[in-house]
Amino acid sequence: MPAVRDHSEHVYRIAHQSSAAASSPVAASWRRCVTLHGLAPEEVRSPWRLTDNEFRQAHERSGVLVAEAVAELDRLFAVVGKAGCCLLLTDDKGVALERRGAVGDDAEFRDVGLWSGTVWSEASVGTNGIGTAIADARAVVIQRDQHFLSRNIGLSCATAPIRDEAGQLAGAIDISTCRDDASEAAVSILSQAVRDAASRIEANLFRRAFAGARIVLVPVDRAGPALLAVDRDDLVLGATRAARQRLGLDDRRIAAGVPASDLLQEEPPGDGGELPDAERAALRRVLSRTNGNVSMAADLLGISRATLYRKMKRLSLN
């Protein structure tokens, strides 16, 4: 077929131009497919498919992700399902865990492999929305002939990665369509919808992980929920990826203890409880600022080390 041959030749030409691969995310993905995964654009291959047992295990491993995402999938499908779109929720390996699609479109989507239990990584089927979003850890649009495999050039995909409560990649959410009239503008709208859905799922995962904490919204310009989980003493327990990037947080700094009021340059919230609780919170904040150095904390508080030690003992901070 001339269209397949032309597409394959174009892919090979671009994939072997290192300057193009460096400047274009799609070209860089094509290069990975050829050099890293040993794929050929003209080969006829379907996505890898898990056995029933493998799929069940993958689904169980991502049980929390699925639980927090199904409502978003249903809501999004109610909006785009009648437009000939298929939705997939995958894990961080590109395994399709959940699928939404209209019955009338099932045969077409099953034929291209957009089905539960298939693997849409770049290693499996080359450049595609899911695999490339996971490889690049960012939202992508892969439209028609931007796919690596010539057999997939009828697809248009908009995908966004989903991150867990620690900011690590947990999976992806994808909208795909086989419609010939899927314009660039239409796919751009789908891309925004899928990114918004991913942000809501990330917020759901974060609130679930820190169910007993106070959740604070961090003002940021970038996409993605910027949330902090804060304990009753104003110390940060967790932060989403967007909040980590905005505030310069990592696991080590969170584990060491950092007051949210310091990060946000705000006065710590009033405790609203008994005086010992407020005093305990204040001491924890000072100790966190000095990395546990009691002498330095005592100097900041204007009291002796002995007095501070007595307070710490009384408040069970030893």
# chains A, B, ... in the order shown; residues from 1 in each chain; ligands from 1

$ select_by_dssp --residues "segment 76-313 of chain A" --states "alpha helix (DSSP H)" --output "MDAnalysis selection string"
chainID A and resid 76:80 106:112 122:125 129:136 184:209 241:247 251:256 260:264 275:289 294:301 305:313

$ atom_distance --atom1 "atom CA of Leu227 of chain A" --atom2 "atom CA of Gly131 of chain A"
27.0 Å

$ residues_around --residues "Leu76 of chain A" --least-positions-apart "5" --cutoff "12 Å" --atoms "only C-alpha atoms" --output "PDB file with N, CA, C and O atoms, in the first residue's frame"
ATOM      1  N   ALA A  69     -10.295   6.234  39.941  1.00  0.00           N
ATOM      2  CA  ALA A  69     -10.404   6.724  38.564  1.00  0.00           C
ATOM      3  C   ALA A  69     -11.712   6.372  37.880  1.00  0.00           C
ATOM      4  O   ALA A  69     -12.095   7.026  36.907  1.00  0.00           O
ATOM      5  N   VAL A  70     -12.423   5.343  38.360  1.00  0.00           N
ATOM      6  CA  VAL A  70     -13.593   4.862  37.611  1.00  0.00           C
ATOM      7  C   VAL A  70     -14.673   5.932  37.467  1.00  0.00           C
ATOM      8  O   VAL A  70     -15.299   6.044  36.398  1.00  0.00           O
ATOM      9  N   ALA A  71     -14.882   6.736  38.491  1.00  0.00           N
ATOM     10  CA  ALA A  71     -15.905   7.778  38.391  1.00  0.00           C
ATOM     11  C   ALA A  71     -15.522   8.806  37.331  1.00  0.00           C
ATOM     12  O   ALA A  71     -16.380   9.305  36.590  1.00  0.00           O
ATOM     13  N   GLY A  81     -18.194   9.805  24.655  1.00  0.00           N
ATOM     14  CA  GLY A  81     -18.465   8.457  24.156  1.00  0.00           C
ATOM     15  C   GLY A  81     -19.254   8.425  22.868  1.00  0.00           C
ATOM     16  O   GLY A  81     -18.993   7.607  21.981  1.00  0.00           O
ATOM     17  N   LYS A  82     -20.214   9.333  22.714  1.00  0.00           N
ATOM     18  CA  LYS A  82     -21.045   9.331  21.515  1.00  0.00           C
ATOM     19  C   LYS A  82     -20.321   9.895  20.296  1.00  0.00           C
ATOM     20  O   LYS A  82     -20.842   9.840  19.184  1.00  0.00           O
ATOM     21  N   ALA A  83     -19.135  10.449  20.517  1.00  0.00           N
ATOM     22  CA  ALA A  83     -18.361  11.023  19.408  1.00  0.00           C
ATOM     23  C   ALA A  83     -17.397  10.006  18.815  1.00  0.00           C
ATOM     24  O   ALA A  83     -16.467  10.365  18.093  1.00  0.00           O
ATOM     25  N   CYS A  85     -15.356   7.854  20.550  1.00  0.00           N
ATOM     26  CA  CYS A  85     -14.095   7.810  21.305  1.00  0.00           C
ATOM     27  C   CYS A  85     -14.058   6.602  22.232  1.00  0.00           C
ATOM     28  O   CYS A  85     -15.088   6.149  22.736  1.00  0.00           O
ATOM     29  N   CYS A  86     -12.859   6.121  22.473  1.00  0.00           N
ATOM     30  CA  CYS A  86     -12.601   5.031  23.410  1.00  0.00           C
ATOM     31  C   CYS A  86     -11.712   5.568  24.516  1.00  0.00           C
ATOM     32  O   CYS A  86     -10.760   6.324  24.257  1.00  0.00           O
ATOM     33  N   LEU A  87     -12.005   5.212  25.753  1.00  0.00           N
ATOM     34  CA  LEU A  87     -11.193   5.633  26.891  1.00  0.00           C
ATOM     35  C   LEU A  87     -10.480   4.433  27.483  1.00  0.00           C
ATOM     36  O   LEU A  87     -11.070   3.357  27.627  1.00  0.00           O
ATOM     37  N   LEU A  88      -9.212   4.626  27.823  1.00  0.00           N
ATOM     38  CA  LEU A  88      -8.450   3.598  28.517  1.00  0.00           C
ATOM     39  C   LEU A  88      -7.782   4.192  29.749  1.00  0.00           C
ATOM     40  O   LEU A  88      -7.271   5.315  29.708  1.00  0.00           O
ATOM     41  N   LEU A  89      -7.800   3.432  30.840  1.00  0.00           N
ATOM     42  CA  LEU A  89      -7.001   3.721  32.025  1.00  0.00           C
ATOM     43  C   LEU A  89      -5.924   2.653  32.086  1.00  0.00           C
ATOM     44  O   LEU A  89      -6.230   1.461  32.053  1.00  0.00           O
ATOM     45  N   ARG A  99     -11.602   0.115  30.476  1.00  0.00           N
ATOM     46  CA  ARG A  99     -11.936   0.622  29.152  1.00  0.00           C
ATOM     47  C   ARG A  99     -13.372   1.104  29.142  1.00  0.00           C
ATOM     48  O   ARG A  99     -14.240   0.527  29.797  1.00  0.00           O
ATOM     49  N   ARG A 100     -13.610   2.175  28.397  1.00  0.00           N
ATOM     50  CA  ARG A 100     -14.970   2.642  28.149  1.00  0.00           C
ATOM     51  C   ARG A 100     -15.112   2.873  26.644  1.00  0.00           C
ATOM     52  O   ARG A 100     -14.279   3.529  26.020  1.00  0.00           O
ATOM     53  N   GLY A 101     -16.185   2.333  26.066  1.00  0.00           N
ATOM     54  CA  GLY A 101     -16.430   2.512  24.635  1.00  0.00           C
ATOM     55  C   GLY A 101     -17.866   2.150  24.306  1.00  0.00           C
ATOM     56  O   GLY A 101     -18.490   1.337  24.995  1.00  0.00           O
ATOM     57  N   ILE A 173      -4.266   8.061  31.464  1.00  0.00           N
ATOM     58  CA  ILE A 173      -5.636   8.047  30.969  1.00  0.00           C
ATOM     59  C   ILE A 173      -5.604   8.537  29.529  1.00  0.00           C
ATOM     60  O   ILE A 173      -4.933   9.530  29.222  1.00  0.00           O
ATOM     61  N   ASP A 174      -6.314   7.828  28.659  1.00  0.00           N
ATOM     62  CA  ASP A 174      -6.210   8.076  27.221  1.00  0.00           C
ATOM     63  C   ASP A 174      -7.586   8.137  26.565  1.00  0.00           C
ATOM     64  O   ASP A 174      -8.488   7.388  26.924  1.00  0.00           O
ATOM     65  N   ILE A 175      -7.724   9.070  25.621  1.00  0.00           N
ATOM     66  CA  ILE A 175      -8.884   9.108  24.732  1.00  0.00           C
ATOM     67  C   ILE A 175      -8.369   8.861  23.323  1.00  0.00           C
ATOM     68  O   ILE A 175      -7.459   9.560  22.858  1.00  0.00           O
ATOM     69  N   LEU A 190      -9.961  17.332  23.274  1.00  0.00           N
ATOM     70  CA  LEU A 190      -9.898  16.051  23.982  1.00  0.00           C
ATOM     71  C   LEU A 190      -8.683  15.999  24.901  1.00  0.00           C
ATOM     72  O   LEU A 190      -8.749  15.453  26.008  1.00  0.00           O
ATOM     73  N   SER A 191      -7.575  16.574  24.446  1.00  0.00           N
ATOM     74  CA  SER A 191      -6.362  16.582  25.253  1.00  0.00           C
ATOM     75  C   SER A 191      -6.564  17.363  26.546  1.00  0.00           C
ATOM     76  O   SER A 191      -6.136  16.940  27.623  1.00  0.00           O
ATOM     77  N   GLN A 192      -7.236  18.509  26.452  1.00  0.00           N
ATOM     78  CA  GLN A 192      -7.508  19.284  27.661  1.00  0.00           C
ATOM     79  C   GLN A 192      -8.419  18.516  28.602  1.00  0.00           C
ATOM     80  O   GLN A 192      -8.229  18.510  29.823  1.00  0.00           O
ATOM     81  N   ALA A 193      -9.418  17.838  28.031  1.00  0.00           N
ATOM     82  CA  ALA A 193     -10.345  17.062  28.853  1.00  0.00           C
ATOM     83  C   ALA A 193      -9.630  15.943  29.590  1.00  0.00           C
ATOM     84  O   ALA A 193      -9.895  15.681  30.771  1.00  0.00           O
ATOM     85  N   VAL A 194      -8.703  15.270  28.911  1.00  0.00           N
ATOM     86  CA  VAL A 194      -8.009  14.145  29.526  1.00  0.00           C
ATOM     87  C   VAL A 194      -7.014  14.636  30.580  1.00  0.00           C
ATOM     88  O   VAL A 194      -6.798  13.986  31.606  1.00  0.00           O
ATOM     89  N   ARG A 195      -6.409  15.799  30.356  1.00  0.00           N
ATOM     90  CA  ARG A 195      -5.498  16.359  31.367  1.00  0.00           C
ATOM     91  C   ARG A 195      -6.260  16.773  32.622  1.00  0.00           C
ATOM     92  O   ARG A 195      -5.790  16.578  33.749  1.00  0.00           O
ATOM     93  N   ASP A 196      -7.436  17.354  32.417  1.00  0.00           N
ATOM     94  CA  ASP A 196      -8.260  17.731  33.575  1.00  0.00           C
ATOM     95  C   ASP A 196      -8.672  16.491  34.368  1.00  0.00           C
ATOM     96  O   ASP A 196      -8.666  16.503  35.606  1.00  0.00           O
ATOM     97  N   ALA A 197      -9.024  15.419  33.648  1.00  0.00           N
ATOM     98  CA  ALA A 197      -9.415  14.179  34.320  1.00  0.00           C
ATOM     99  C   ALA A 197      -8.247  13.604  35.107  1.00  0.00           C
ATOM    100  O   ALA A 197      -8.414  13.142  36.247  1.00  0.00           O
ATOM    101  N   ALA A 198      -7.059  13.624  34.518  1.00  0.00           N
ATOM    102  CA  ALA A 198      -5.869  13.120  35.215  1.00  0.00           C
ATOM    103  C   ALA A 198      -5.604  13.919  36.488  1.00  0.00           C
ATOM    104  O   ALA A 198      -5.251  13.350  37.525  1.00  0.00           O
ATOM    105  N   ARG A 200      -7.792  15.470  38.353  1.00  0.00           N
ATOM    106  CA  ARG A 200      -8.774  15.114  39.380  1.00  0.00           C
ATOM    107  C   ARG A 200      -8.476  13.751  39.991  1.00  0.00           C
ATOM    108  O   ARG A 200      -8.656  13.547  41.205  1.00  0.00           O
ATOM    109  N   ILE A 201      -8.016  12.823  39.173  1.00  0.00           N
ATOM    110  CA  ILE A 201      -7.652  11.505  39.702  1.00  0.00           C
ATOM    111  C   ILE A 201      -6.463  11.626  40.648  1.00  0.00           C
ATOM    112  O   ILE A 201      -6.433  11.008  41.718  1.00  0.00           O
TER     113      ILE A 201
END

$ residues_around --residues "Ala182 of chain A" --least-positions-apart "4" --cutoff "9 Å" --atoms "only C-alpha atoms" --output "ChimeraX atom specification"
/A:143,156,177-178,186-187

$ atom_distance --atom1 "atom CA of Ser150 of chain A" --atom2 "atom CA of His7 of chain A"
6.3 Å

$ residues_around --residues "Ser29 of chain A" --least-positions-apart "5" --cutoff "10 Å" --atoms "only C-alpha atoms" --output "PDB file with all heavy atoms, in the first residue's frame"
ATOM      1  N   ALA A  15      13.759   9.193  11.913  1.00  0.00           N
ATOM      2  CA  ALA A  15      14.333   8.498  13.075  1.00  0.00           C
ATOM      3  C   ALA A  15      15.849   8.459  13.031  1.00  0.00           C
ATOM      4  O   ALA A  15      16.500   8.394  14.084  1.00  0.00           O
ATOM      5  CB  ALA A  15      13.781   7.081  13.159  1.00  0.00           C
ATOM      6  N   ALA A  21      15.449  14.257  15.979  1.00  0.00           N
ATOM      7  CA  ALA A  21      15.033  13.509  17.166  1.00  0.00           C
ATOM      8  C   ALA A  21      15.224  14.336  18.422  1.00  0.00           C
ATOM      9  O   ALA A  21      14.468  14.199  19.384  1.00  0.00           O
ATOM     10  CB  ALA A  21      15.817  12.207  17.260  1.00  0.00           C
ATOM     11  N   ALA A  22      16.246  15.172  18.408  1.00  0.00           N
ATOM     12  CA  ALA A  22      16.509  15.987  19.592  1.00  0.00           C
ATOM     13  C   ALA A  22      15.501  17.124  19.728  1.00  0.00           C
ATOM     14  O   ALA A  22      15.232  17.587  20.832  1.00  0.00           O
ATOM     15  CB  ALA A  22      17.923  16.549  19.530  1.00  0.00           C
ATOM     16  N   SER A  24      12.215  17.227  18.287  1.00  0.00           N
ATOM     17  CA  SER A  24      10.806  16.858  18.227  1.00  0.00           C
ATOM     18  C   SER A  24      10.515  15.663  19.116  1.00  0.00           C
ATOM     19  O   SER A  24      11.149  14.617  18.972  1.00  0.00           O
ATOM     20  CB  SER A  24      10.421  16.530  16.781  1.00  0.00           C
ATOM     21  OG  SER A  24       9.196  15.825  16.729  1.00  0.00           O
ATOM     22  N   VAL A  34      13.103   2.545  16.953  1.00  0.00           N
ATOM     23  CA  VAL A  34      14.032   1.878  16.041  1.00  0.00           C
ATOM     24  C   VAL A  34      15.265   1.377  16.768  1.00  0.00           C
ATOM     25  O   VAL A  34      15.656   0.204  16.647  1.00  0.00           O
ATOM     26  CB  VAL A  34      14.439   2.837  14.895  1.00  0.00           C
ATOM     27  CG1 VAL A  34      15.549   2.213  14.042  1.00  0.00           C
ATOM     28  CG2 VAL A  34      13.237   3.169  14.027  1.00  0.00           C
ATOM     29  N   THR A  35      15.893   2.247  17.554  1.00  0.00           N
ATOM     30  CA  THR A  35      17.197   1.919  18.147  1.00  0.00           C
ATOM     31  C   THR A  35      17.090   1.165  19.468  1.00  0.00           C
ATOM     32  O   THR A  35      17.931   0.310  19.760  1.00  0.00           O
ATOM     33  CB  THR A  35      18.013   3.200  18.368  1.00  0.00           C
ATOM     34  OG1 THR A  35      17.313   4.066  19.282  1.00  0.00           O
ATOM     35  CG2 THR A  35      18.241   3.938  17.057  1.00  0.00           C
ATOM     36  N   LEU A  36      16.078   1.475  20.265  1.00  0.00           N
ATOM     37  CA  LEU A  36      15.968   0.859  21.592  1.00  0.00           C
ATOM     38  C   LEU A  36      15.092  -0.392  21.567  1.00  0.00           C
ATOM     39  O   LEU A  36      15.433  -1.412  22.176  1.00  0.00           O
ATOM     40  CB  LEU A  36      15.397   1.873  22.593  1.00  0.00           C
ATOM     41  CG  LEU A  36      15.238   1.403  24.044  1.00  0.00           C
ATOM     42  CD1 LEU A  36      16.593   1.027  24.637  1.00  0.00           C
ATOM     43  CD2 LEU A  36      14.584   2.499  24.889  1.00  0.00           C
ATOM     44  N   GLU A 122       5.615   1.795  24.410  1.00  0.00           N
ATOM     45  CA  GLU A 122       6.342   1.999  23.158  1.00  0.00           C
ATOM     46  C   GLU A 122       7.010   0.704  22.707  1.00  0.00           C
ATOM     47  O   GLU A 122       7.097   0.433  21.515  1.00  0.00           O
ATOM     48  CB  GLU A 122       7.384   3.104  23.319  1.00  0.00           C
ATOM     49  CG  GLU A 122       6.808   4.508  23.306  1.00  0.00           C
ATOM     50  CD  GLU A 122       7.860   5.589  23.215  1.00  0.00           C
ATOM     51  OE1 GLU A 122       9.056   5.304  23.458  1.00  0.00           O
ATOM     52  OE2 GLU A 122       7.504   6.740  22.887  1.00  0.00           O
ATOM     53  N   GLY A 126       5.244   0.773  19.604  1.00  0.00           N
ATOM     54  CA  GLY A 126       5.873   1.986  19.110  1.00  0.00           C
ATOM     55  C   GLY A 126       5.206   3.249  19.614  1.00  0.00           C
ATOM     56  O   GLY A 126       4.447   3.243  20.587  1.00  0.00           O
ATOM     57  N   THR A 127       5.482   4.353  18.952  1.00  0.00           N
ATOM     58  CA  THR A 127       4.938   5.652  19.334  1.00  0.00           C
ATOM     59  C   THR A 127       3.415   5.614  19.334  1.00  0.00           C
ATOM     60  O   THR A 127       2.781   5.290  18.333  1.00  0.00           O
ATOM     61  CB  THR A 127       5.410   6.739  18.358  1.00  0.00           C
ATOM     62  OG1 THR A 127       6.831   6.712  18.295  1.00  0.00           O
ATOM     63  CG2 THR A 127       4.934   8.114  18.793  1.00  0.00           C
ATOM     64  N   ASN A 128       2.833   5.940  20.475  1.00  0.00           N
ATOM     65  CA  ASN A 128       1.381   6.038  20.630  1.00  0.00           C
ATOM     66  C   ASN A 128       1.100   6.902  21.839  1.00  0.00           C
ATOM     67  O   ASN A 128       2.018   7.209  22.609  1.00  0.00           O
ATOM     68  CB  ASN A 128       0.754   4.644  20.781  1.00  0.00           C
ATOM     69  CG  ASN A 128       1.075   4.003  22.116  1.00  0.00           C
ATOM     70  OD1 ASN A 128       0.364   4.178  23.093  1.00  0.00           O
ATOM     71  ND2 ASN A 128       2.187   3.258  22.182  1.00  0.00           N
ATOM     72  N   GLY A 131       1.935   4.980  25.444  1.00  0.00           N
ATOM     73  CA  GLY A 131       3.340   4.627  25.610  1.00  0.00           C
ATOM     74  C   GLY A 131       4.248   5.832  25.631  1.00  0.00           C
ATOM     75  O   GLY A 131       5.205   5.900  26.419  1.00  0.00           O
ATOM     76  N   THR A 132       3.985   6.823  24.784  1.00  0.00           N
ATOM     77  CA  THR A 132       4.842   7.993  24.714  1.00  0.00           C
ATOM     78  C   THR A 132       4.602   8.929  25.893  1.00  0.00           C
ATOM     79  O   THR A 132       5.543   9.544  26.407  1.00  0.00           O
ATOM     80  CB  THR A 132       4.637   8.711  23.371  1.00  0.00           C
ATOM     81  OG1 THR A 132       4.889   7.781  22.309  1.00  0.00           O
ATOM     82  CG2 THR A 132       5.573   9.892  23.218  1.00  0.00           C
ATOM     83  N   ALA A 135       6.588   7.226  28.585  1.00  0.00           N
ATOM     84  CA  ALA A 135       8.029   7.351  28.358  1.00  0.00           C
ATOM     85  C   ALA A 135       8.516   8.767  28.639  1.00  0.00           C
ATOM     86  O   ALA A 135       9.594   8.963  29.212  1.00  0.00           O
ATOM     87  CB  ALA A 135       8.360   6.953  26.924  1.00  0.00           C
ATOM     88  N   ASP A 136       7.724   9.778  28.253  1.00  0.00           N
ATOM     89  CA  ASP A 136       8.123  11.173  28.433  1.00  0.00           C
ATOM     90  C   ASP A 136       7.603  11.774  29.728  1.00  0.00           C
ATOM     91  O   ASP A 136       7.965  12.897  30.079  1.00  0.00           O
ATOM     92  CB  ASP A 136       7.618  12.019  27.261  1.00  0.00           C
ATOM     93  CG  ASP A 136       8.369  11.748  25.966  1.00  0.00           C
ATOM     94  OD1 ASP A 136       9.429  11.099  26.021  1.00  0.00           O
ATOM     95  OD2 ASP A 136       7.897  12.189  24.902  1.00  0.00           O
ATOM     96  N   GLN A 146       1.542  10.367  13.118  1.00  0.00           N
ATOM     97  CA  GLN A 146       2.597  10.512  14.125  1.00  0.00           C
ATOM     98  C   GLN A 146       2.851   9.192  14.847  1.00  0.00           C
ATOM     99  O   GLN A 146       3.866   9.057  15.529  1.00  0.00           O
ATOM    100  CB  GLN A 146       2.226  11.603  15.142  1.00  0.00           C
ATOM    101  CG  GLN A 146       2.222  13.005  14.560  1.00  0.00           C
ATOM    102  CD  GLN A 146       1.813  14.047  15.583  1.00  0.00           C
ATOM    103  OE1 GLN A 146       1.012  13.791  16.486  1.00  0.00           O
ATOM    104  NE2 GLN A 146       2.371  15.234  15.462  1.00  0.00           N
ATOM    105  N   HIS A 147       1.941   8.233  14.702  1.00  0.00           N
ATOM    106  CA  HIS A 147       2.172   6.905  15.260  1.00  0.00           C
ATOM    107  C   HIS A 147       3.353   6.256  14.544  1.00  0.00           C
ATOM    108  O   HIS A 147       3.606   6.522  13.362  1.00  0.00           O
ATOM    109  CB  HIS A 147       0.925   6.024  15.108  1.00  0.00           C
ATOM    110  CG  HIS A 147      -0.171   6.378  16.066  1.00  0.00           C
ATOM    111  ND1 HIS A 147      -1.052   7.407  15.837  1.00  0.00           N
ATOM    112  CD2 HIS A 147      -0.523   5.835  17.262  1.00  0.00           C
ATOM    113  CE1 HIS A 147      -1.904   7.492  16.855  1.00  0.00           C
ATOM    114  NE2 HIS A 147      -1.605   6.547  17.731  1.00  0.00           N
ATOM    115  N   PHE A 148       4.065   5.390  15.248  1.00  0.00           N
ATOM    116  CA  PHE A 148       5.223   4.725  14.653  1.00  0.00           C
ATOM    117  C   PHE A 148       4.800   3.635  13.669  1.00  0.00           C
ATOM    118  O   PHE A 148       5.301   3.567  12.542  1.00  0.00           O
ATOM    119  CB  PHE A 148       6.102   4.125  15.748  1.00  0.00           C
ATOM    120  CG  PHE A 148       7.324   3.413  15.221  1.00  0.00           C
ATOM    121  CD1 PHE A 148       8.453   4.122  14.850  1.00  0.00           C
ATOM    122  CD2 PHE A 148       7.333   2.031  15.081  1.00  0.00           C
ATOM    123  CE1 PHE A 148       9.573   3.474  14.346  1.00  0.00           C
ATOM    124  CE2 PHE A 148       8.449   1.374  14.589  1.00  0.00           C
ATOM    125  CZ  PHE A 148       9.569   2.094  14.220  1.00  0.00           C
TER     126      PHE A 148
END

$ residues_around --residues "Phe55 of chain A" --least-positions-apart "6" --cutoff "9 Å" --atoms "only C-alpha atoms" --output "PDB file with N, CA, C and O atoms, in the first residue's frame"
ATOM      1  N   ARG A  49      -0.715  -8.793  24.666  1.00  0.00           N
ATOM      2  CA  ARG A  49      -1.937  -9.028  25.448  1.00  0.00           C
ATOM      3  C   ARG A  49      -1.606  -9.925  26.643  1.00  0.00           C
ATOM      4  O   ARG A  49      -0.959 -10.968  26.492  1.00  0.00           O
ATOM      5  N   VAL A  95      -0.396  -1.064  30.646  1.00  0.00           N
ATOM      6  CA  VAL A  95      -1.409  -2.125  30.610  1.00  0.00           C
ATOM      7  C   VAL A  95      -2.796  -1.504  30.767  1.00  0.00           C
ATOM      8  O   VAL A  95      -3.056  -0.780  31.739  1.00  0.00           O
ATOM      9  N   ALA A  96      -3.676  -1.770  29.809  1.00  0.00           N
ATOM     10  CA  ALA A  96      -5.032  -1.229  29.848  1.00  0.00           C
ATOM     11  C   ALA A  96      -5.838  -1.942  30.927  1.00  0.00           C
ATOM     12  O   ALA A  96      -6.189  -3.113  30.788  1.00  0.00           O
ATOM     13  N   LEU A  97      -6.131  -1.225  32.018  1.00  0.00           N
ATOM     14  CA  LEU A  97      -6.833  -1.801  33.161  1.00  0.00           C
ATOM     15  C   LEU A  97      -8.343  -1.650  33.051  1.00  0.00           C
ATOM     16  O   LEU A  97      -9.100  -2.538  33.442  1.00  0.00           O
ATOM     17  N   SER A 116      -9.153  -3.919  27.153  1.00  0.00           N
ATOM     18  CA  SER A 116      -8.582  -4.263  28.465  1.00  0.00           C
ATOM     19  C   SER A 116      -7.627  -5.443  28.327  1.00  0.00           C
ATOM     20  O   SER A 116      -7.904  -6.405  27.614  1.00  0.00           O
ATOM     21  N   GLY A 117      -6.501  -5.343  29.036  1.00  0.00           N
ATOM     22  CA  GLY A 117      -5.521  -6.419  29.016  1.00  0.00           C
ATOM     23  C   GLY A 117      -4.436  -6.281  27.975  1.00  0.00           C
ATOM     24  O   GLY A 117      -3.485  -7.064  27.956  1.00  0.00           O
ATOM     25  N   THR A 118      -4.552  -5.291  27.084  1.00  0.00           N
ATOM     26  CA  THR A 118      -3.490  -5.058  26.102  1.00  0.00           C
ATOM     27  C   THR A 118      -2.449  -4.115  26.680  1.00  0.00           C
ATOM     28  O   THR A 118      -2.703  -3.405  27.660  1.00  0.00           O
TER      29      THR A 118
END

$ select_by_dssp --residues "segment 34-283 of chain A" --states "strand (DSSP E)" --output "JSON, numbers by chain"
{"A": [48, 49, 85, 86, 87, 88, 89, 90, 91, 96, 97, 98, 99, 100, 118, 119, 140, 141, 142, 143, 156, 157, 158, 159, 160, 161, 162, 163, 169, 170, 171, 172, 173, 174, 175, 176, 177, 214, 215, 216, 217, 227, 228, 229, 230, 236, 237, 238, 239]}

$ atom_distance --atom1 "atom CA of Cys157 of chain A" --atom2 "atom CA of Ala133 of chain A"
10.5 Å

$ closest_residue --among "A:Pro47, A:Pro219, A:Pro41, A:Gly154" --to "Ala243 of chain A" --atoms "only C-alpha atoms"
A:Pro219

$ residues_around --residues "Ala40 of chain A" --least-positions-apart "3" --cutoff "10 Å" --atoms "only C-alpha atoms" --output "ChimeraX atom specification"
/A:8,11-12,30,33-34,37,43-45,125-126,148-150
